[in-house]
>>> print(open('start.txt').read())   # compact mmCIF, C-alpha atoms
# COMPACT_ATOMS: atom_id res chain seq x y z
CA MET A 1 -154.08 -165.10 -32.70
CA PRO A 2 -153.49 -161.33 -33.00
CA THR A 3 -153.70 -159.91 -36.49
CA VAL A 4 -150.75 -157.57 -35.94
CA LEU A 5 -147.36 -158.98 -34.98
CA ALA A 6 -145.35 -156.84 -32.59
CA ALA A 7 -142.40 -159.22 -32.61
CA SER A 8 -141.33 -161.94 -34.98
CA PRO A 9 -141.92 -165.54 -33.91
CA GLY A 10 -138.18 -166.02 -34.30
CA GLU A 11 -137.49 -163.38 -31.65
CA ARG A 12 -140.08 -164.94 -29.38
CA LEU A 13 -138.51 -168.37 -29.95
CA ARG A 14 -135.17 -167.01 -28.77
CA THR A 15 -136.91 -165.45 -25.75
CA LEU A 16 -138.50 -168.81 -24.91
CA ARG A 17 -135.13 -170.55 -24.97
CA GLU A 18 -133.60 -167.89 -22.73
CA LEU A 19 -136.61 -168.06 -20.43
CA LEU A 20 -136.30 -171.82 -20.00
CA GLY A 21 -132.50 -171.93 -20.04
CA LEU A 22 -132.27 -174.14 -23.12
CA THR A 23 -129.66 -174.25 -25.84
CA GLN A 24 -130.76 -174.73 -29.44
CA ALA A 25 -129.51 -178.32 -29.26
CA GLN A 26 -131.46 -179.03 -26.08
CA LEU A 27 -134.65 -177.54 -27.52
CA SER A 28 -134.16 -179.56 -30.68
CA LYS A 29 -133.79 -182.78 -28.70
CA MET A 30 -136.89 -182.00 -26.63
CA SER A 31 -139.14 -181.03 -29.51
CA GLY A 32 -137.88 -183.01 -32.50
CA VAL A 33 -137.42 -179.78 -34.45
CA GLY A 34 -134.02 -179.46 -36.13
CA ALA A 35 -131.45 -177.29 -34.39
CA SER A 36 -130.48 -175.69 -37.70
CA TRP A 37 -134.11 -174.66 -38.31
CA ILE A 38 -134.31 -173.14 -34.82
CA SER A 39 -131.09 -171.23 -35.44
CA ASP A 40 -132.17 -169.96 -38.85
CA VAL A 41 -135.60 -168.79 -37.61
CA GLU A 42 -134.13 -167.04 -34.59
CA ARG A 43 -131.64 -165.20 -36.78
CA GLY A 44 -134.26 -164.29 -39.37
CA TYR A 45 -132.67 -166.40 -42.10
CA LYS A 46 -135.75 -168.56 -42.55
CA ASP A 47 -139.50 -168.01 -42.22
CA HIS A 48 -141.17 -169.64 -39.25
CA ASP A 49 -143.46 -172.64 -39.58
CA ASP A 50 -146.47 -172.79 -37.24
CA ALA A 51 -146.42 -176.60 -37.24
CA LYS A 52 -142.86 -176.63 -35.93
CA LEU A 53 -143.63 -173.88 -33.43
CA GLN A 54 -146.53 -176.00 -32.19
CA MET A 55 -144.15 -178.94 -31.70
CA ILE A 56 -141.90 -176.67 -29.61
CA ALA A 57 -144.88 -175.32 -27.68
CA ASP A 58 -146.06 -178.86 -26.87
CA ALA A 59 -142.60 -180.03 -25.84
CA THR A 60 -142.02 -177.08 -23.49
CA GLU A 61 -145.64 -176.85 -22.25
CA THR A 62 -145.79 -173.30 -23.56
CA PRO A 63 -149.02 -171.76 -24.91
CA PHE A 64 -148.75 -171.35 -28.68
CA GLY A 65 -149.82 -167.72 -28.34
CA PHE A 66 -146.47 -167.00 -26.67
CA PHE A 67 -144.87 -166.80 -30.12
CA TYR A 68 -147.20 -163.99 -31.20
CA VAL A 69 -147.85 -162.07 -28.02
CA GLN A 70 -147.13 -158.36 -27.73
CA PRO A 71 -143.87 -158.14 -25.77
CA LYS A 72 -143.27 -155.44 -23.21
CA SER A 73 -140.10 -153.54 -23.94
CA VAL A 74 -138.29 -152.84 -20.68
CA PRO A 75 -135.27 -150.64 -21.49
CA LEU A 76 -132.11 -152.59 -20.73
CA ASP A 77 -130.38 -149.56 -19.24
CA SER A 78 -133.31 -149.01 -16.87
CA LEU A 79 -133.44 -152.59 -15.61
CA ARG A 80 -131.56 -152.81 -12.32
CA PHE A 81 -129.97 -155.92 -10.87
CA ARG A 82 -128.74 -156.66 -7.39
CA LYS A 83 -126.14 -159.36 -8.05
CA LEU A 84 -122.60 -160.38 -7.29
CA ALA A 85 -119.78 -159.58 -9.69
CA SER A 86 -119.31 -163.34 -10.10
CA ALA A 87 -122.84 -163.78 -11.51
CA LYS A 88 -122.67 -165.56 -14.84
CA ARG A 89 -123.55 -163.53 -17.90
CA THR A 90 -125.68 -166.35 -19.33
CA VAL A 91 -127.76 -166.47 -16.18
CA THR A 92 -128.13 -162.68 -16.15
CA LYS A 93 -129.39 -162.88 -19.73
CA ARG A 94 -131.89 -165.51 -18.70
CA VAL A 95 -133.02 -163.41 -15.73
CA HIS A 96 -133.58 -160.48 -18.09
CA ALA A 97 -135.86 -162.60 -20.29
CA PHE A 98 -137.67 -163.99 -17.24
CA TYR A 99 -138.19 -160.52 -15.81
CA ASN A 100 -139.45 -159.07 -19.11
CA GLU A 101 -142.12 -161.75 -19.36
CA SER A 102 -142.98 -161.32 -15.69
CA TYR A 103 -143.39 -157.59 -16.21
CA ARG A 104 -145.62 -158.13 -19.23
CA VAL A 105 -147.91 -160.50 -17.32
CA SER A 106 -147.93 -158.37 -14.16
CA GLU A 107 -148.77 -155.24 -16.13
CA ASP A 108 -151.62 -157.09 -17.82
CA MET A 109 -153.13 -158.20 -14.49
CA LEU A 110 -152.58 -154.91 -12.67
CA THR A 111 -153.99 -152.69 -15.41
CA SER A 112 -156.98 -154.95 -16.06
CA GLU A 113 -157.86 -154.67 -12.35
CA ARG A 114 -157.08 -150.92 -12.35
CA TYR A 115 -154.77 -151.44 -9.42
CA PRO A 116 -153.18 -148.16 -8.26
CA THR A 117 -149.68 -147.42 -9.52
CA PRO A 118 -147.02 -146.46 -6.95
CA PRO A 119 -146.84 -142.83 -5.78
CA LEU A 120 -143.10 -142.98 -5.17
CA PRO A 121 -140.83 -139.94 -5.00
CA TYR A 122 -137.98 -139.83 -7.49
CA ALA A 123 -134.62 -138.18 -7.87
CA THR A 124 -133.67 -136.25 -11.01
CA ALA A 125 -130.43 -134.43 -10.16
CA ASP A 126 -127.18 -135.65 -11.66
CA GLU A 127 -125.73 -136.12 -8.19
CA VAL A 128 -127.56 -137.11 -5.01
CA THR A 129 -126.01 -136.59 -1.59
CA ASP A 130 -126.25 -139.00 1.33
CA GLU A 131 -128.57 -136.53 3.10
CA GLU A 132 -130.85 -136.44 0.08
CA ILE A 133 -130.96 -140.24 -0.01
CA GLU A 134 -131.98 -140.22 3.67
CA GLU A 135 -134.75 -137.75 2.93
CA LEU A 136 -135.98 -139.70 -0.09
CA ALA A 137 -136.16 -142.80 2.11
CA ASN A 138 -138.27 -140.86 4.62
CA VAL A 139 -140.58 -139.60 1.86
CA THR A 140 -140.87 -143.15 0.52
CA ARG A 141 -142.08 -144.30 3.95
CA GLN A 142 -144.73 -141.57 3.78
CA ALA A 143 -145.74 -142.61 0.26
CA LEU A 144 -146.12 -146.22 1.43
CA ARG A 145 -148.09 -145.04 4.49
CA LEU A 146 -145.54 -146.42 6.92
CA ALA A 147 -144.73 -145.03 10.36
CA PRO A 148 -141.76 -142.66 10.06
CA ASP A 149 -139.67 -144.23 12.82
CA LEU A 150 -140.85 -147.79 13.46
CA PRO A 151 -139.71 -151.19 12.14
CA ILE A 152 -141.52 -152.32 8.98
CA PRO A 153 -143.25 -155.55 10.08
CA HIS A 154 -143.95 -156.86 6.56
CA LEU A 155 -142.08 -154.99 3.84
CA THR A 156 -143.50 -157.10 1.01
CA ARG A 157 -147.07 -156.33 1.97
CA ALA A 158 -146.28 -152.64 2.41
CA LEU A 159 -144.90 -152.50 -1.13
CA GLU A 160 -147.90 -154.34 -2.55
CA ARG A 161 -150.36 -152.02 -0.81
CA GLY A 162 -148.36 -149.14 -2.27
CA GLY A 163 -148.80 -150.43 -5.83
CA ILE A 164 -145.42 -152.16 -6.24
CA ALA A 165 -145.83 -155.76 -7.36
CA VAL A 166 -143.38 -158.26 -5.86
CA ALA A 167 -142.57 -161.51 -7.66
CA PRO A 168 -140.28 -164.36 -6.62
CA ILE A 169 -138.10 -165.62 -9.46
CA VAL A 170 -137.23 -169.31 -9.52
CA LEU A 171 -135.20 -170.48 -12.50
CA ASN A 172 -135.81 -174.14 -13.16
CA ASP A 173 -133.06 -176.36 -14.51
CA PRO A 174 -134.21 -177.85 -17.86
CA ALA A 175 -133.44 -181.26 -16.35
CA GLY A 176 -135.60 -180.50 -13.32
CA GLY A 177 -134.98 -178.74 -10.04
CA GLU A 178 -133.83 -175.21 -9.27
CA GLU A 179 -131.05 -173.43 -11.10
CA GLN A 180 -128.41 -173.05 -8.41
CA THR A 181 -126.31 -170.59 -10.43
CA ALA A 182 -129.02 -167.98 -9.87
CA SER A 183 -127.85 -167.72 -6.25
CA ASN A 184 -125.48 -164.91 -7.31
CA HIS A 185 -128.49 -162.81 -8.28
CA PHE A 186 -130.66 -161.22 -5.60
CA GLY A 187 -133.13 -158.82 -7.20
CA VAL A 188 -134.20 -156.95 -10.32
CA SER A 189 -136.65 -154.09 -10.82
CA TYR A 190 -138.18 -151.59 -13.22
CA TRP A 191 -140.53 -148.61 -12.97
CA GLY A 192 -141.25 -146.17 -15.79
CA GLY A 193 -142.32 -143.35 -13.47
CA LEU A 194 -145.61 -142.01 -12.15
CA GLY A 195 -148.59 -143.76 -13.72
CA ASP A 196 -146.56 -146.84 -14.71
CA VAL A 197 -146.53 -150.32 -13.23
CA ALA A 198 -143.59 -151.19 -10.95
CA LEU A 199 -142.35 -154.73 -10.46
CA ILE A 200 -139.63 -156.02 -8.15
CA GLY A 201 -138.41 -159.52 -8.83
CA TYR A 202 -136.30 -161.25 -6.19
CA PHE A 203 -134.63 -164.61 -5.73
CA PRO A 204 -135.87 -166.15 -2.47
CA GLY A 205 -133.00 -167.19 -0.24
CA ASN A 206 -132.58 -168.88 3.09
CA SER A 207 -132.56 -165.60 4.97
CA GLY A 208 -135.58 -163.36 5.38
CA ASP A 209 -133.40 -160.40 6.33
CA ARG A 210 -131.48 -160.72 3.06
CA ASP A 211 -134.71 -160.81 1.08
CA ARG A 212 -136.01 -157.72 2.91
CA PHE A 213 -132.79 -155.83 2.20
CA THR A 214 -133.00 -156.87 -1.46
CA LEU A 215 -136.56 -155.49 -1.72
CA ALA A 216 -135.54 -152.24 -0.04
CA HIS A 217 -132.49 -152.03 -2.32
CA GLU A 218 -134.70 -152.41 -5.40
CA VAL A 219 -137.07 -149.72 -4.13
CA GLY A 220 -133.97 -147.57 -3.92
CA HIS A 221 -133.34 -148.17 -7.60
CA LEU A 222 -136.93 -147.20 -8.44
CA VAL A 223 -136.65 -143.94 -6.47
CA LEU A 224 -133.07 -143.01 -7.29
CA HIS A 225 -132.46 -144.31 -10.80
CA THR A 226 -135.71 -144.27 -12.78
CA PHE A 227 -134.74 -140.81 -14.03
CA ARG A 228 -131.01 -141.11 -13.29
CA PRO A 229 -129.97 -144.24 -15.24
CA ARG A 230 -126.38 -142.99 -15.55
CA ALA A 231 -125.69 -142.50 -11.83
CA ALA A 232 -122.01 -142.97 -11.02
CA ASP A 233 -122.50 -145.72 -8.41
CA PRO A 234 -126.14 -146.85 -8.41
CA GLU A 235 -125.51 -149.97 -6.31
CA ALA A 236 -123.92 -148.02 -3.46
CA GLU A 237 -126.74 -145.48 -3.59
CA ALA A 238 -129.38 -148.21 -3.50
CA ASN A 239 -127.65 -149.83 -0.51
CA LYS A 240 -127.67 -146.53 1.38
CA PHE A 241 -131.34 -146.05 0.54
CA ALA A 242 -132.22 -149.58 1.71
CA SER A 243 -130.51 -149.03 5.06
CA ALA A 244 -132.25 -145.68 5.52
CA LEU A 245 -135.64 -147.11 4.59
CA LEU A 246 -135.36 -150.07 6.95
CA VAL A 247 -133.76 -148.20 9.89
CA PRO A 248 -134.43 -144.42 9.83
CA ARG A 249 -131.53 -142.21 10.89
CA GLU A 250 -133.04 -140.98 14.18
CA ARG A 251 -133.70 -144.52 15.39
CA ALA A 252 -130.29 -145.73 14.24
CA VAL A 253 -128.56 -142.93 16.18
CA GLU A 254 -130.68 -143.75 19.22
CA ALA A 255 -130.27 -147.54 19.08
CA ILE A 256 -126.63 -148.07 17.98
CA SER A 257 -123.60 -147.06 20.02
CA GLU A 258 -119.85 -147.46 19.96
CA ARG A 259 -119.95 -149.86 22.93
CA MET A 260 -122.58 -152.27 21.57
CA THR A 261 -121.66 -155.94 21.53
CA LEU A 262 -122.62 -158.41 18.83
CA THR A 263 -125.21 -159.87 21.20
CA GLU A 264 -126.85 -156.45 21.42
CA TYR A 265 -126.74 -156.17 17.63
CA ALA A 266 -128.53 -159.53 17.48
CA ARG A 267 -131.31 -158.14 19.70
CA LEU A 268 -131.54 -155.13 17.40
CA LYS A 269 -131.81 -157.46 14.42
CA ALA A 270 -134.78 -159.14 16.10
CA ASN A 271 -136.54 -155.78 16.37
CA TRP A 272 -135.83 -154.40 12.90
CA GLY A 273 -135.53 -157.47 10.67
CA VAL A 274 -132.16 -156.25 9.39
CA SER A 275 -128.95 -158.31 9.43
CA ILE A 276 -126.24 -157.66 12.01
CA GLN A 277 -123.81 -156.79 9.22
CA SER A 278 -126.23 -154.21 7.79
CA LEU A 279 -126.80 -152.72 11.24
CA ILE A 280 -123.05 -152.30 11.74
CA MET A 281 -122.82 -150.56 8.36
CA ARG A 282 -125.81 -148.39 9.33
CA GLY A 283 -124.12 -147.37 12.56
CA ALA A 284 -121.04 -146.32 10.63
CA ALA A 285 -123.13 -144.47 8.03
CA VAL A 286 -124.90 -142.32 10.65
CA GLY A 287 -121.63 -141.67 12.50
CA VAL A 288 -122.26 -143.45 15.80
CA ILE A 289 -119.42 -145.96 15.34
CA ASP A 290 -116.05 -145.20 13.80
CA GLU A 291 -114.10 -147.15 11.20
CA THR A 292 -111.92 -148.90 13.79
CA ARG A 293 -114.94 -150.19 15.70
CA LYS A 294 -116.62 -151.30 12.49
CA ARG A 295 -113.57 -153.34 11.48
CA SER A 296 -113.38 -154.86 14.96
CA LEU A 297 -117.00 -155.94 14.83
CA TYR A 298 -116.51 -157.55 11.44
CA VAL A 299 -113.49 -159.45 12.73
CA GLN A 300 -115.64 -160.72 15.60
CA LEU A 301 -118.35 -161.75 13.14
CA SER A 302 -115.81 -163.79 11.19
CA GLN A 303 -114.40 -165.40 14.32
CA ARG A 304 -117.88 -166.54 15.36
CA GLY A 305 -118.75 -167.75 11.89
CA TRP A 306 -121.55 -165.16 11.68
CA ARG A 307 -120.47 -163.67 8.35
CA LYS A 308 -122.09 -166.63 6.60
CA GLN A 309 -124.67 -167.72 9.17
CA GLU A 310 -125.99 -165.07 11.55
CA PRO A 311 -128.04 -165.83 14.66
CA VAL A 312 -131.68 -164.67 14.98
CA HIS A 313 -133.98 -166.09 12.35
CA VAL A 314 -135.93 -163.59 10.29
CA GLY A 315 -138.83 -165.36 8.63
CA GLN A 316 -139.41 -165.05 4.91
CA GLU A 317 -142.27 -162.88 3.69
CA GLU A 318 -144.76 -164.14 1.12
CA PRO A 319 -146.03 -161.95 -1.73
CA LEU A 320 -149.80 -161.93 -2.12
CA LEU A 321 -150.86 -159.30 -4.65
CA LEU A 322 -150.26 -161.09 -7.97
CA TRP A 323 -151.75 -164.33 -6.63
CA THR A 324 -154.85 -162.45 -5.46
CA LEU A 325 -155.32 -160.79 -8.86
CA LEU A 326 -154.70 -164.09 -10.63
CA THR A 327 -157.35 -165.93 -8.63
CA ARG A 328 -159.82 -163.09 -9.09
CA GLN A 329 -159.51 -163.38 -12.84
CA PHE A 330 -158.99 -167.12 -13.28
CA GLY A 331 -160.33 -168.90 -10.19
CA VAL A 332 -158.84 -170.75 -7.26
CA LYS A 333 -156.75 -173.10 -9.45
CA PRO A 334 -155.59 -170.55 -11.99
CA TYR A 335 -152.31 -171.63 -13.53
CA VAL A 336 -153.23 -173.69 -16.59
CA HIS A 337 -156.13 -171.50 -17.72
CA ALA A 338 -154.34 -168.26 -16.88
CA ALA A 339 -151.13 -169.37 -18.63
CA GLU A 340 -153.08 -169.92 -21.84
CA LYS A 341 -154.85 -166.56 -21.64
CA LEU A 342 -151.68 -164.68 -20.66
CA SER A 343 -149.49 -166.58 -23.16
CA ILE A 344 -146.90 -167.54 -20.57
CA PRO A 345 -145.44 -170.94 -19.59
CA PRO A 346 -147.21 -172.17 -16.44
CA THR A 347 -143.86 -172.71 -14.68
CA VAL A 348 -143.08 -169.00 -15.06
CA LEU A 349 -146.52 -168.02 -13.83
CA ARG A 350 -146.17 -170.28 -10.78
CA SER A 351 -142.90 -168.57 -9.95
CA ILE A 352 -144.07 -164.96 -10.13
CA ALA A 353 -147.49 -165.59 -8.54
CA PRO A 354 -146.98 -168.54 -6.19
CA THR A 355 -149.81 -169.99 -4.15
CA PRO A 356 -149.42 -168.61 -0.60
CA GLU A 357 -148.69 -171.13 2.12
CA ARG A 358 -152.05 -170.70 3.82
CA ALA A 359 -153.91 -171.06 0.54
CA ARG A 360 -151.98 -174.26 -0.19
CA ALA A 361 -152.94 -175.65 3.19
CA GLU A 362 -156.58 -174.62 3.25
CA SER A 363 -157.48 -173.90 -0.42
CA PRO A 364 -159.73 -170.96 0.55
CA ASN A 365 -162.16 -169.23 -1.75
CA PRO A 366 -160.18 -166.31 -3.29
CA SER A 367 -163.13 -163.98 -2.83
CA ALA A 368 -163.26 -164.72 0.88
CA SER A 369 -161.52 -162.60 3.45
CA GLY A 370 -159.27 -165.52 4.38
CA VAL A 371 -157.15 -164.97 1.26
CA GLY A 372 -155.88 -161.73 2.72
CA GLN A 373 -154.98 -163.23 6.08
CA GLN A 374 -151.45 -164.44 5.38
CA ASN A 375 -148.84 -165.09 8.02
CA VAL A 376 -146.90 -161.95 8.85
CA VAL A 377 -143.41 -162.36 10.28
CA ASP A 378 -142.19 -160.58 13.34
CA PHE A 379 -138.49 -160.75 13.91
CA ARG A 380 -138.55 -162.88 17.05
CA SER A 381 -139.82 -165.76 14.88
CA ARG A 382 -143.41 -165.39 16.06
CA LYS A 383 -146.17 -165.31 13.41
CA LEU A 384 -148.94 -162.76 13.63
CA ARG A 385 -152.01 -162.06 11.56
CA SER A 386 -152.26 -158.66 9.88
CA LYS A 387 -155.91 -158.55 8.84
CA GLN A 388 -156.06 -154.79 8.47
CA ASP A 389 -153.00 -154.60 6.20
CA ASN A 390 -154.10 -157.45 3.97
CA ALA A 391 -157.70 -156.28 3.76
CA ARG A 392 -156.49 -152.92 2.42
CA MET A 393 -154.27 -154.70 -0.10
CA VAL A 394 -157.01 -156.87 -1.59
CA GLN A 395 -159.72 -154.19 -1.71
>>> encode(input="start.txt", output="structure tokens")
Amino acid sequence: MPTVLAASPGERLRTLRELLGLTQAQLSKMSGVGASWISDVERGYKDHDDAKLQMIADATETPFGFFYVQPKSVPLDSLRFRKLASAKRTVTKRVHAFYNESYRVSEDMLTSERYPTPPLPYATADEVTDEEIEELANVTRQALRLAPDLPIPHLTRALERGGIAVAPIVLNDPAGGEEQTASNHFGVSYWGGLGDVALIGYFPGNSGDRDRFTLAHEVGHLVLHTFRPRAADPEAEANKFASALLVPRERAVEAISERMTLTEYARLKANWGVSIQSLIMRGAAVGVIDETRKRSLYVQLSQRGWRKQEPVHVGQEEPLLLWTLLTRQFGVKPYVHAAEKLSIPPTVLRSIAPTPERARAESPNPSASGVGQQNVVDFRSRKLRSKQDNARMVQ
């Protein structure tokens, strides 16, 4: 146990409840510790009792050290969410707690391995024009060592090679199963600037193209809003950045035209891994389709039922970086031992550093080259191996 407390156990107890989505009454029922005692300790009205904290730790399968660990303070006004307006405030609060703990653990693993921090560009001006957003997207491609005008075959891996950790966030219902209310949240991110760790958390959905847009959107927040937290419309700016990053202007102008049909947009989606709706918006943004044509295409999407379920499957990308670092430090079956050392509930650790599909199937040695050979999605639903990309990432 550390000799210096950076946060009171009462504050950490509140964080644990938020992390697990438990009310004081639910935690009391699970642990046998009185709800009034939990309330008083959280509010600072009563001193904590290690015996009771241990009962709570046992009941929630949380390492006892969680109550005394040094928390990472991620400024609330710098934490960016991609979510719907209908997202519940209680869930957003829980996501904030989940992300803070994820950032703390990710920073611990990345810094202990001396993994490079991202060399991203960043905006500082009070106002940023659309042209400047386009240019920042181009510079970001350069920083991530991506071709300036080609589709990004595996955005997740590109971000990880560039020093940006990517973590899926799965909120478990206290009664078991996944928290469905989190579906109104898509992504969350934080970066303190050059030399600092960057982490993008995202909520895996049924659509790989949505997940890719979410990741690109969050990169937009890192580039555009790390030093501009008071931007007038950060979500619109991040959307413009995401579109520019995924489909550079020159290629959009070349590929999209006023006469394109939805079938042709579907073919374009297969090439770029970007939704038909986003491609229509991109065409309008670069001036190759007008507002009337855009509205017409959206009406056609609705008539075909494509607003909710588009054709052309874009496979989901798997993160690899945090899992690789975890297995390097804690072995091929890392969760229980690592959770104790990192003072994090194993369920949280399994979410942010999930075992990749291939590792689940074959249980390879993490030091072997096979760990880096994950399935890479191309947008015609074929699966390719990207040995060169993954080898660079795990070096």
>>> closest_residue(input="start.txt", among="A:Glu127, A:Glu318, A:Glu310, A:Glu132", to="Gln277 in chain A", atoms="only C-alpha atoms")
A:Glu310
>>> closest_atom_pairs(input="start.txt", of="range 271-293 of chain A", to="range 134-147 of chain A", cutoff="12 Å", atoms="all atoms listed in the file", output="Markdown table")
| residue | atom | partner | partner_atom | distance |
| --- | --- | --- | --- | --- |
| A:Arg282 | CA | A:Glu134 | CA | 11.7 |
| A:Ala285 | CA | A:Glu134 | CA | 10.7 |
| A:Val286 | CA | A:Glu134 | CA | 10.2 |
>>> atom_distance(input="start.txt", atom1="CA of Tyr265 in chain A", atom2="CA of Ala236 in chain A")
22.8 Å
>>> atom_distance(input="start.txt", atom1="CA of Ala59 in chain A", atom2="CA of Leu27 in chain A")
8.5 Å
>>> closest_residue(input="start.txt", among="A:Pro354, A:Leu268, A:Tyr202, A:Arg293", to="Arg251 in chain A", atoms="all atoms listed in the file")
A:Leu268
>>> residues_around(input="start.txt", residues="Val197 in chain A", least_positions_apart="3", cutoff="10 Å", atoms="all atoms listed in the file", output="PyMOL selection string")
chain A and resi 103-104+106-108+110-111+115-118+163-165+190-194
>>> atom_distance(input="start.txt", atom1="CA of His225 in chain A", atom2="CA of Thr124 in chain A")
8.2 Å
>>> closest_residue(input="start.txt", among="A:Ile133, A:Ala167, A:Val69, A:Ala51", to="Glu317 in chain A", atoms="all atoms listed in the file")
A:Ala167
